[in-house]
Amino acid sequence: MGYTDAQIKELEAKAKEVRRLIVQMLAKAGSGHPGGSLSATDLITALFFGVLRHNPKDPHWQDRDRFHMSKGHCCPLWYAVLAESGYFSKDKLMTLRQLGSILQGHPDRRTPGVDVASGSLGQGLSVALGMSLAAKIDQKPYRVYVLMGDGEIQEGNVWEAAMASSHYRCDNLTAILDYNRFQIDGKTCEIMELEPLAAKWQAFGWHTIEIDGHNMKEVLAAYDEARSVKAKPSIIIARTVKGKGVSFMENVCDFHGRTPTKEETEKALRELE
Amino acid sequence: MAEMLYQRDVYGKTLIELGKQHKDIVVLDADLSSSTRTGLFAKEFPGRFFNFGVAEQNMMATAAGLASCSKTVFASTFAVFATGRAWDQVRNSVSYSNFDIKIVATHAGITVGPDGATHQALEDIALMRVIPNIKIIVPCDGPQTRDAVIAAFENKGPFYVRLGRPKVPTIENKGEFKLGKAQVITEGDDVAIFACGIMVSEALVAVQSLLSKGIRARLINIHTIRPLDSEVILKAAKETRAMVVCEEHSVIGGLASSIDEVVAENYPTRVMRVGIRDRFGQSGEPAELLKEYNLTSSDIEKAVLAAIG
């Protein structure tokens with residue numbers, strides 16, 4: 001599928017708006033995870049506004065494509081794209097992490113558009129596998145997408161799911177790996193090396209696609225390629241920058257789990273104009 | 001002589017019965033389908049059975065994905081793995097989302113026998129009981145296993161159904177099975193004996209022996225541990241002189257603890273516990289282990305005599 005320059009530009013503009021929402025809601029909440037939300041923004045914006053077959057007016061439409069965010073701590077990104085899509089009003093974003101809010105600190109089913117809770121890392125690929133198997137049982141054409149963090153794949157459950165997804169030839173399943181090379185305690189290469197990363201997934205029987213996760217054309221082409229692969233699941237290994245789009249957050253480990261101050265928020269929003 | 005049945009045989013057959021009627025039932029196992037008897041369903045409905053190999057965590061979280069797509073999922077393995085190895089997946093992916101997932105675990109308790117401590121789940125009820133939403137059934141025999149599996153299917157939401165490894169005697173005249181309603185098996189006002197699983201048959205032997213000594217015991221089969229029948233518990237607390245709770249499980253966190261919590265808050269009563277006293281299991285034949293861990297009918301009798309002294 002080809003995309004016009006106008007479509008690419010529109011998605012890039014949408015990604016910028018999503019980043020603004022992420023910064024605003026995290027500043028308001030006073031706690032949460034900006035770094036990994038911003039690094040995956042282009043990947044998930046492209047998915048929601050260029051790829052996914054869904055209907056925000058009918059969140060439980062049985063034939064919808066499924067999306068699951070396994071790295072649940074980056075839910076500000078999920079909430080932003082859901083609100084942008086029209087699942088709920090954007091005002092709600094400013095209730096993130098508050099008592100009684102539909103937007104919990106880690107995602108759960110009280111949020112329209114969220115099918116399964118996440119937060120305890122390493123389980124989302126299994127959840128996506130279940131959705132993929134359900135499509136096979138029902139012979140439905142929908143596809144399943146799951147976003148994982150790079151630190152997250154240190155969890156053993158991920159590799160159990162990787163083995164099973166390939167065993168059951170889940171070609172309707174696409175994993176997206178936000179490879180920003182940082183985890184809470186530091187660089188992934190220092191805390192727990194992930195390389196050789198593509199080779200690991202290939203060894204588990206997966207089709208791997210390596211891209212620049214901030215290049216909208218490459219991101220869209222990767223989704224197209226994944227859709228065309230038969231008899232095996234695909235993983236898009238996206239090289240990204242943690243905190244992407246806000247200069248003082250980029251590649252700064254501290255912003256994994258710290259929200260911006262008032263001054264930092266103003267500066268960030270100026271950069272995202 | 002009472003009929004002897006494997007609870008897991010009944011489970012496998014009941015799955016087929018349900019599978020024929022309901023196309024949305026999916027069954028999962030983790031390399032133990034011949035032991036748990038989910039293999040019977042697999043043979044009948046290969047398109048709705050998935051074996052995950054030795055990967056219980058993946059099985060439980062995958063169950064959540066299937067359930068999110070309107071499937072009713074039965075997930076089986078040994079109790080020690082279902083509740084221990086995959087606890088976080090059960091908590092966060094299964095129960096927190098309140099999915100229609102039935103964890104039916106076999107090989108619970110000390111009567112697993114020769115496999116020894118690593119395979120004897122003595123804390124599984126406790127592990128499941130602390131997680132909100134999950135209903136817990138411990139059927140006492142073969143026929144009640146069918147009742148439990150059907151009740152789990154008919155009531156939406158997560159369930160934990162605890163089954164054993166060996167054949168167990170069928171308990172006669174239990175009355176109708178109702179989820180959350182305990183069954184009074186013998187009437188009596190001297191002492192109340194509460195039991196679940198295989199301990200119901202041990203307790204029944206104790207009741208008969210006590211009767212010969214002039215002690216009339218009220219035997220109550222608490223097959224549903226959540227929701228707990230607090231009404232029958234408080235009635236017994238008020239009408240009898242003491243209570244004894246029998247379970248093939250740790251005395252910490254299981255049926256005895258559940259009953260203690262009810263009486264402590266509402267009607268403080270002496271409760272004696274017949275169960276595993278804060279120990280790991282070990283290898284041995286089931287009958288030898290029941291004796292070693294003081295879970296026999298004579299241990300129940302002793303507890304009753306101590307209680308009403």
# chains A, B, ... in the order shown; residues from 1 in each chain; ligands from 1
$ closest_atom_pairs --of "chain A" --to "chain B" --cutoff "7 Å" --atoms "only C-alpha atoms" --output "JSON lines"
{"residue": "A:Arg109", "atom": "CA", "partner": "B:Ser97", "partner_atom": "CA", "distance": 6.6}
{"residue": "A:Asp115", "atom": "CA", "partner": "B:Ser68", "partner_atom": "CA", "distance": 6.3}
{"residue": "A:Val116", "atom": "CA", "partner": "B:Ser97", "partner_atom": "CA", "distance": 6.3}
{"residue": "A:Ala117", "atom": "CA", "partner": "B:Ser97", "partner_atom": "CA", "distance": 6.2}
{"residue": "A:Ser120", "atom": "CA", "partner": "B:Asn92", "partner_atom": "CA", "distance": 6.9}
{"residue": "A:Gln123", "atom": "CA", "partner": "B:Ala61", "partner_atom": "CA", "distance": 5.9}
{"residue": "A:Ser126", "atom": "CA", "partner": "B:Thr62", "partner_atom": "CA", "distance": 4.6}
{"residue": "A:Val127", "atom": "CA", "partner": "B:Gly65", "partner_atom": "CA", "distance": 4.1}
{"residue": "A:Ala128", "atom": "CA", "partner": "B:Gly65", "partner_atom": "CA", "distance": 5.9}
{"residue": "A:Leu129", "atom": "CA", "partner": "B:Thr62", "partner_atom": "CA", "distance": 6.0}
{"residue": "A:Gly130", "atom": "CA", "partner": "B:Gly65", "partner_atom": "CA", "distance": 4.0}
{"residue": "A:Met131", "atom": "CA", "partner": "B:Gly65", "partner_atom": "CA", "distance": 4.7}
{"residue": "A:Ala134", "atom": "CA", "partner": "B:Leu66", "partner_atom": "CA", "distance": 5.5}
{"residue": "A:Ile137", "atom": "CA", "partner": "B:Gly47", "partner_atom": "CA", "distance": 6.7}
{"residue": "A:Asn157", "atom": "CA", "partner": "B:Asn58", "partner_atom": "CA", "distance": 5.9}
{"residue": "A:Glu160", "atom": "CA", "partner": "B:Asn58", "partner_atom": "CA", "distance": 5.9}
{"residue": "A:Ala161", "atom": "CA", "partner": "B:Asn58", "partner_atom": "CA", "distance": 5.7}
{"residue": "A:Ala164", "atom": "CA", "partner": "B:Phe52", "partner_atom": "CA", "distance": 6.6}
$ write_last_selection --atoms "C-alpha atoms" --output "PDB file, in the first residue's frame"
ATOM      1  CA  ARG A 109     -10.828  -2.275  31.126  1.00  0.00           C
ATOM      2  CA  ASP A 115      -9.684  -4.830  26.089  1.00  0.00           C
ATOM      3  CA  VAL A 116      -7.256  -6.274  28.640  1.00  0.00           C
ATOM      4  CA  ALA A 117      -5.416  -4.743  31.603  1.00  0.00           C
ATOM      5  CA  SER A 120       2.847  -6.314  35.004  1.00  0.00           C
ATOM      6  CA  GLN A 123       2.240 -10.783  29.607  1.00  0.00           C
ATOM      7  CA  SER A 126       0.553 -13.837  25.413  1.00  0.00           C
ATOM      8  CA  VAL A 127      -2.626 -11.745  25.529  1.00  0.00           C
ATOM      9  CA  ALA A 128      -2.147 -10.877  21.853  1.00  0.00           C
ATOM     10  CA  LEU A 129      -1.515 -14.534  21.084  1.00  0.00           C
ATOM     11  CA  GLY A 130      -4.883 -15.355  22.670  1.00  0.00           C
ATOM     12  CA  MET A 131      -6.586 -12.744  20.486  1.00  0.00           C
ATOM     13  CA  ALA A 134      -9.505 -16.527  18.759  1.00  0.00           C
ATOM     14  CA  ILE A 137     -10.919 -20.341  15.692  1.00  0.00           C
ATOM     15  CA  ASN A 157       6.952 -14.990  29.749  1.00  0.00           C
ATOM     16  CA  GLU A 160       7.177 -18.507  26.110  1.00  0.00           C
ATOM     17  CA  ALA A 161       4.716 -16.461  24.061  1.00  0.00           C
ATOM     18  CA  ALA A 164       3.958 -20.424  21.010  1.00  0.00           C
TER      19      ALA A 164
END
$ residues_around --residues "Ala306 of chain B" --least-positions-apart "3" --cutoff "12 Å" --atoms "only C-alpha atoms" --output "MDAnalysis selection string"
chainID B and resid 191 241:244 270:274 299:303 309
$ closest_residue --among "A:Tyr168, A:Phe67, A:Phe255, A:Tyr145" --to "Ser234 of chain A" --atoms "only C-alpha atoms"
A:Tyr145
$ select_by_dssp --residues "segment 29-206 of chain B" --states "strand (DSSP E or B)" --output "PyMOL selection string"
chain B and resi 29+49-51+72-76+78+101-106+108+121+135-137+159-162+167-169+178+181+183-186+191-195
$ write_last_selection --atoms "C-alpha atoms" --output "PDB file, in the first residue's frame"
ATOM      1  CA  ASP B  29      -3.205 -27.156  28.859  1.00  0.00           C
ATOM      2  CA  PHE B  49      -7.689 -27.025  22.176  1.00  0.00           C
ATOM      3  CA  PHE B  50      -4.238 -25.514  22.556  1.00  0.00           C
ATOM      4  CA  ASN B  51      -1.273 -27.092  24.255  1.00  0.00           C
ATOM      5  CA  THR B  72     -15.002 -19.207  27.698  1.00  0.00           C
ATOM      6  CA  VAL B  73     -11.629 -20.676  28.522  1.00  0.00           C
ATOM      7  CA  PHE B  74     -10.825 -23.742  30.616  1.00  0.00           C
ATOM      8  CA  ALA B  75      -7.128 -23.781  31.523  1.00  0.00           C
ATOM      9  CA  SER B  76      -5.673 -26.826  33.211  1.00  0.00           C
ATOM     10  CA  PHE B  78      -1.338 -29.288  38.117  1.00  0.00           C
ATOM     11  CA  ILE B 101     -11.672 -18.178  32.570  1.00  0.00           C
ATOM     12  CA  LYS B 102     -11.999 -21.410  34.503  1.00  0.00           C
ATOM     13  CA  ILE B 103      -8.774 -22.662  36.014  1.00  0.00           C
ATOM     14  CA  VAL B 104      -9.403 -26.323  36.671  1.00  0.00           C
ATOM     15  CA  ALA B 105      -6.331 -27.711  38.376  1.00  0.00           C
ATOM     16  CA  THR B 106      -5.662 -31.352  39.182  1.00  0.00           C
ATOM     17  CA  ALA B 108      -3.885 -30.765  44.411  1.00  0.00           C
ATOM     18  CA  ALA B 121      -0.013 -28.005  46.206  1.00  0.00           C
ATOM     19  CA  LYS B 135     -14.680 -18.062  42.796  1.00  0.00           C
ATOM     20  CA  ILE B 136     -13.290 -21.254  44.322  1.00  0.00           C
ATOM     21  CA  ILE B 137     -14.821 -24.737  44.284  1.00  0.00           C
ATOM     22  CA  PHE B 159     -13.053 -19.696  38.759  1.00  0.00           C
ATOM     23  CA  TYR B 160     -10.560 -21.952  40.458  1.00  0.00           C
ATOM     24  CA  VAL B 161     -11.700 -25.574  40.648  1.00  0.00           C
ATOM     25  CA  ARG B 162      -9.463 -27.829  42.719  1.00  0.00           C
ATOM     26  CA  LYS B 167      -9.733 -42.016  42.907  1.00  0.00           C
ATOM     27  CA  VAL B 168     -12.138 -40.802  45.563  1.00  0.00           C
ATOM     28  CA  PRO B 169     -15.263 -42.421  47.040  1.00  0.00           C
ATOM     29  CA  LYS B 178     -25.704 -25.039  44.508  1.00  0.00           C
ATOM     30  CA  LYS B 181     -24.391 -23.198  49.366  1.00  0.00           C
ATOM     31  CA  GLN B 183     -24.280 -29.217  52.025  1.00  0.00           C
ATOM     32  CA  VAL B 184     -25.247 -30.574  55.425  1.00  0.00           C
ATOM     33  CA  ILE B 185     -24.490 -34.280  55.143  1.00  0.00           C
ATOM     34  CA  THR B 186     -25.277 -35.418  58.684  1.00  0.00           C
ATOM     35  CA  VAL B 191     -20.016 -30.545  67.129  1.00  0.00           C
ATOM     36  CA  ALA B 192     -19.850 -29.160  63.598  1.00  0.00           C
ATOM     37  CA  ILE B 193     -17.323 -30.663  61.205  1.00  0.00           C
ATOM     38  CA  PHE B 194     -16.573 -28.702  58.061  1.00  0.00           C
ATOM     39  CA  ALA B 195     -14.704 -30.379  55.239  1.00  0.00           C
TER      40      ALA B 195
END
$ select_by_dssp --residues "segment 103-159 of chain B" --states "helix (DSSP H, G or I)" --output "ChimeraX atom specification"
/B:110-115,117-119,124-129,142-154
$ closest_residue --among "A:Gly257, A:Gly2, A:Gly213, A:Pro196" --to "Gly30 of chain A" --atoms "only C-alpha atoms"
A:Gly257
$ residues_around --residues "segment 44-54 of chain A" --least-positions-apart "4" --cutoff "6 Å" --atoms "only C-alpha atoms" --output "PyMOL selection string"
chain A and resi 15+64-65
$ residues_around --residues "Glu3 of chain B" --least-positions-apart "3" --cutoff "12 Å" --atoms "only C-alpha atoms" --output "MDAnalysis selection string"
chainID B and resid 6 141:143 167:172 201
$ residues_around --residues "Gly105 of chain A" --least-positions-apart "4" --cutoff "12 Å" --atoms "only C-alpha atoms" --output "ChimeraX atom specification"
/A:25-26,29-33,72-79,93,95-101,110-111,117-119,257
$ write_last_selection --atoms "C-alpha atoms" --output "compact mmCIF listing (two decimals), in the first residue's frame"
# COMPACT_ATOMS: atom_id res chain seq x y z
CA MET A 25 -1.61 14.89 30.87
CA LEU A 26 1.56 13.77 32.61
CA ALA A 29 -1.04 13.98 36.78
CA GLY A 30 2.30 14.74 38.42
CA SER A 31 3.51 11.17 38.02
CA GLY A 32 3.84 8.69 35.18
CA HIS A 33 6.14 7.68 32.35
CA GLY A 72 1.31 -0.66 30.26
CA HIS A 73 3.28 2.13 31.91
CA CYS A 74 3.23 3.97 28.57
CA CYS A 75 -0.57 4.22 28.70
CA PRO A 76 -0.51 8.04 28.35
CA LEU A 77 0.27 7.31 24.70
CA TRP A 78 -2.56 4.78 24.47
CA TYR A 79 -5.01 7.17 26.16
CA LEU A 93 -7.08 12.95 29.68
CA THR A 95 -8.00 13.03 34.97
CA LEU A 96 -5.13 10.58 34.43
CA ARG A 97 -4.17 8.79 37.66
CA GLN A 98 -6.86 10.52 39.74
CA LEU A 99 -9.17 8.67 42.11
CA GLY A 100 -12.19 7.39 40.22
CA SER A 101 -10.76 8.20 36.78
CA ARG A 110 -12.59 0.75 32.55
CA THR A 111 -11.11 2.73 29.64
CA ALA A 117 -5.42 -4.74 31.60
CA SER A 118 -1.65 -4.49 31.50
CA GLY A 119 1.12 -3.23 33.71
CA GLY A 257 9.36 7.70 35.27
$ residues_around --residues "Glu225 of chain A" --least-positions-apart "6" --cutoff "10 Å" --atoms "only C-alpha atoms" --output "ChimeraX atom specification"
/A:1,207-209,219,234,236
$ residues_around --residues "segment 179-193 of chain A" --least-positions-apart "6" --cutoff "8 Å" --atoms "only C-alpha atoms" --output "CSV table (one decimal) with N, CA and C atoms, in the first residue's frame"
chain,number,residue,atom,x,y,z
A,36,GLY,N,9.1,6.5,27.6
A,36,GLY,CA,8.6,5.4,26.7
A,36,GLY,C,7.3,5.7,26.0
A,39,SER,N,8.7,7.8,23.0
A,39,SER,CA,9.5,7.0,22.0
A,39,SER,C,8.6,6.2,21.1
A,149,GLY,N,7.9,-3.1,25.3
A,149,GLY,CA,9.1,-2.3,25.5
A,149,GLY,C,10.3,-3.2,25.4
A,150,ASP,N,11.5,-2.5,25.3
A,150,ASP,CA,12.7,-3.4,25.1
A,150,ASP,C,13.1,-4.0,26.4
A,151,GLY,N,13.1,-3.2,27.5
A,151,GLY,CA,13.4,-3.8,28.8
A,151,GLY,C,12.4,-4.9,29.1
A,154,GLN,N,13.0,-8.8,28.7
A,154,GLN,CA,13.8,-9.5,29.7
A,154,GLN,C,13.0,-10.5,30.5
A,237,ILE,N,11.0,-4.3,14.8
A,237,ILE,CA,12.0,-3.9,15.8
A,237,ILE,C,12.3,-2.4,15.4
A,238,ALA,N,11.8,-1.5,16.2
A,238,ALA,CA,11.9,-0.1,15.9
A,238,ALA,C,12.9,0.6,16.7
A,239,ARG,N,14.0,1.1,16.1
A,239,ARG,CA,15.0,1.9,16.8
A,239,ARG,C,14.3,3.2,17.1
A,240,THR,N,14.3,3.6,18.4
A,240,THR,CA,13.6,4.8,18.8
A,240,THR,C,14.5,5.6,19.8
A,241,VAL,N,14.1,6.8,20.0
A,241,VAL,CA,14.8,7.6,21.0
A,241,VAL,C,13.8,7.8,22.2
A,242,LYS,N,14.3,7.5,23.4
A,242,LYS,CA,13.5,7.7,24.6
A,242,LYS,C,13.2,9.1,24.8
A,251,ASN,N,16.8,10.6,25.4
A,251,ASN,CA,17.9,9.8,26.0
A,251,ASN,C,18.3,10.1,27.4
A,253,CYS,N,17.6,9.1,31.0
A,253,CYS,CA,16.9,8.0,31.8
A,253,CYS,C,16.0,8.4,32.8
A,254,ASP,N,16.3,9.5,33.4
A,254,ASP,CA,15.4,10.1,34.5
A,254,ASP,C,14.0,10.3,34.1
A,256,HIS,N,12.3,8.4,32.3
A,256,HIS,CA,11.5,7.1,32.2
A,256,HIS,C,10.2,7.3,33.1
A,257,GLY,N,10.5,7.7,34.3
A,257,GLY,CA,9.4,7.7,35.3
A,257,GLY,C,9.2,9.0,36.0
$ closest_residue --among "B:Gly284, B:Gly113, B:Gly188, B:Pro158" --to "Ala236 of chain B" --atoms "only C-alpha atoms"
B:Gly188
$ atom_distance --atom1 "atom CA of Phe177 of chain B" --atom2 "atom CA of Ala42 of chain B"
27.8 Å
$ closest_residue --among "B:Ile110, B:Arg146, B:Leu122, B:Pro46" --to "Gly12 of chain B" --atoms "only C-alpha atoms"
B:Arg146
$ closest_residue --among "B:Ser297, B:Ala117, B:Lys43, B:Arg226" --to "Val205 of chain B" --atoms "only C-alpha atoms"
B:Ser297
$ atom_distance --atom1 "atom CA of Leu295 of chain B" --atom2 "atom CA of Leu255 of chain B"
14.3 Å
$ atom_distance --atom1 "atom CA of Leu289 of chain B" --atom2 "atom CA of Val251 of chain B"
16.0 Å
$ decode --residues "segment 86-124 of chain B" --atoms "N, CA and C atoms" --output "compact mmCIF listing (two decimals), in the first residue's frame"
# COMPACT_ATOMS: atom_id res chain seq x y z
N ALA B 86 2.07 -19.47 37.84
CA ALA B 86 1.41 -18.46 37.01
C ALA B 86 0.60 -17.47 37.84
N TRP B 87 0.95 -17.30 39.11
CA TRP B 87 0.11 -16.48 40.00
C TRP B 87 -0.06 -15.05 39.49
N ASP B 88 1.02 -14.45 39.05
CA ASP B 88 0.93 -13.05 38.60
C ASP B 88 0.06 -12.92 37.36
N GLN B 89 0.15 -13.90 36.46
CA GLN B 89 -0.71 -13.88 35.27
C GLN B 89 -2.17 -14.06 35.67
N VAL B 90 -2.42 -14.92 36.66
CA VAL B 90 -3.79 -15.13 37.13
C VAL B 90 -4.31 -13.83 37.77
N ARG B 91 -3.45 -13.20 38.55
CA ARG B 91 -3.88 -11.96 39.21
C ARG B 91 -4.14 -10.84 38.19
N ASN B 92 -3.13 -10.56 37.39
CA ASN B 92 -3.19 -9.35 36.57
C ASN B 92 -3.89 -9.52 35.22
N SER B 93 -3.74 -10.68 34.59
CA SER B 93 -4.36 -10.83 33.27
C SER B 93 -5.73 -11.50 33.36
N VAL B 94 -5.89 -12.44 34.28
CA VAL B 94 -7.15 -13.18 34.34
C VAL B 94 -8.16 -12.49 35.26
N SER B 95 -7.78 -12.31 36.53
CA SER B 95 -8.78 -11.92 37.51
C SER B 95 -9.05 -10.43 37.54
N TYR B 96 -8.03 -9.63 37.37
CA TYR B 96 -8.23 -8.17 37.39
C TYR B 96 -9.19 -7.76 36.28
N SER B 97 -9.07 -8.39 35.14
CA SER B 97 -10.00 -8.09 34.03
C SER B 97 -11.31 -8.87 34.17
N ASN B 98 -11.42 -9.71 35.20
CA ASN B 98 -12.65 -10.45 35.49
C ASN B 98 -13.12 -11.30 34.31
N PHE B 99 -12.19 -11.96 33.67
CA PHE B 99 -12.51 -12.71 32.46
C PHE B 99 -13.17 -14.05 32.76
N ASP B 100 -13.85 -14.57 31.73
CA ASP B 100 -14.57 -15.83 31.85
C ASP B 100 -13.58 -16.99 31.65
N ILE B 101 -12.74 -17.17 32.64
CA ILE B 101 -11.67 -18.18 32.57
C ILE B 101 -11.81 -19.12 33.76
N LYS B 102 -11.84 -20.41 33.46
CA LYS B 102 -12.00 -21.41 34.50
C LYS B 102 -10.68 -22.17 34.64
N ILE B 103 -10.01 -21.94 35.75
CA ILE B 103 -8.77 -22.66 36.01
C ILE B 103 -9.18 -23.94 36.73
N VAL B 104 -9.06 -25.05 36.05
CA VAL B 104 -9.40 -26.32 36.67
C VAL B 104 -8.09 -27.08 36.86
N ALA B 105 -7.64 -27.14 38.10
CA ALA B 105 -6.33 -27.71 38.38
C ALA B 105 -6.48 -29.08 39.01
N THR B 106 -5.64 -30.00 38.61
CA THR B 106 -5.66 -31.35 39.18
C THR B 106 -4.41 -31.55 40.04
N HIS B 107 -4.32 -32.71 40.67
CA HIS B 107 -3.15 -33.06 41.48
C HIS B 107 -2.92 -32.07 42.62
N ALA B 108 -4.01 -31.65 43.25
CA ALA B 108 -3.88 -30.77 44.41
C ALA B 108 -3.71 -31.62 45.66
N GLY B 109 -3.04 -31.08 46.65
CA GLY B 109 -2.96 -31.72 47.95
C GLY B 109 -1.87 -32.76 48.09
N ILE B 110 -1.83 -33.33 49.29
CA ILE B 110 -0.77 -34.27 49.67
C ILE B 110 -0.94 -35.61 48.96
N THR B 111 -2.18 -35.93 48.53
CA THR B 111 -2.43 -37.24 47.93
C THR B 111 -1.89 -37.37 46.51
N VAL B 112 -1.18 -36.37 46.05
CA VAL B 112 -0.39 -36.53 44.83
C VAL B 112 0.56 -37.71 45.03
N GLY B 113 1.02 -37.87 46.28
CA GLY B 113 1.77 -39.08 46.62
C GLY B 113 3.24 -39.04 46.28
N PRO B 114 3.73 -40.08 45.58
CA PRO B 114 5.17 -40.30 45.44
C PRO B 114 5.96 -39.16 44.77
N ASP B 115 5.30 -38.31 43.99
CA ASP B 115 6.02 -37.21 43.35
C ASP B 115 6.64 -36.25 44.36
N GLY B 116 6.09 -36.20 45.54
CA GLY B 116 6.72 -35.42 46.61
C GLY B 116 6.38 -33.95 46.64
N ALA B 117 7.12 -33.23 47.49
CA ALA B 117 6.75 -31.87 47.91
C ALA B 117 6.60 -30.85 46.78
N THR B 118 7.48 -30.91 45.77
CA THR B 118 7.42 -29.87 44.73
C THR B 118 6.11 -29.95 43.95
N HIS B 119 5.49 -31.13 43.94
CA HIS B 119 4.28 -31.33 43.15
C HIS B 119 3.01 -31.35 43.98
N GLN B 120 3.14 -31.20 45.29
CA GLN B 120 1.96 -31.26 46.17
C GLN B 120 1.54 -29.83 46.54
N ALA B 121 0.47 -29.37 45.92
CA ALA B 121 -0.01 -28.01 46.21
C ALA B 121 -0.75 -28.02 47.54
N LEU B 122 -0.17 -27.37 48.54
CA LEU B 122 -0.78 -27.32 49.87
C LEU B 122 -1.18 -25.90 50.22
N GLU B 123 -0.98 -24.99 49.30
CA GLU B 123 -1.25 -23.57 49.56
C GLU B 123 -2.02 -22.92 48.41
N ASP B 124 -2.54 -23.74 47.50
CA ASP B 124 -3.20 -23.21 46.31
C ASP B 124 -4.50 -22.46 46.62
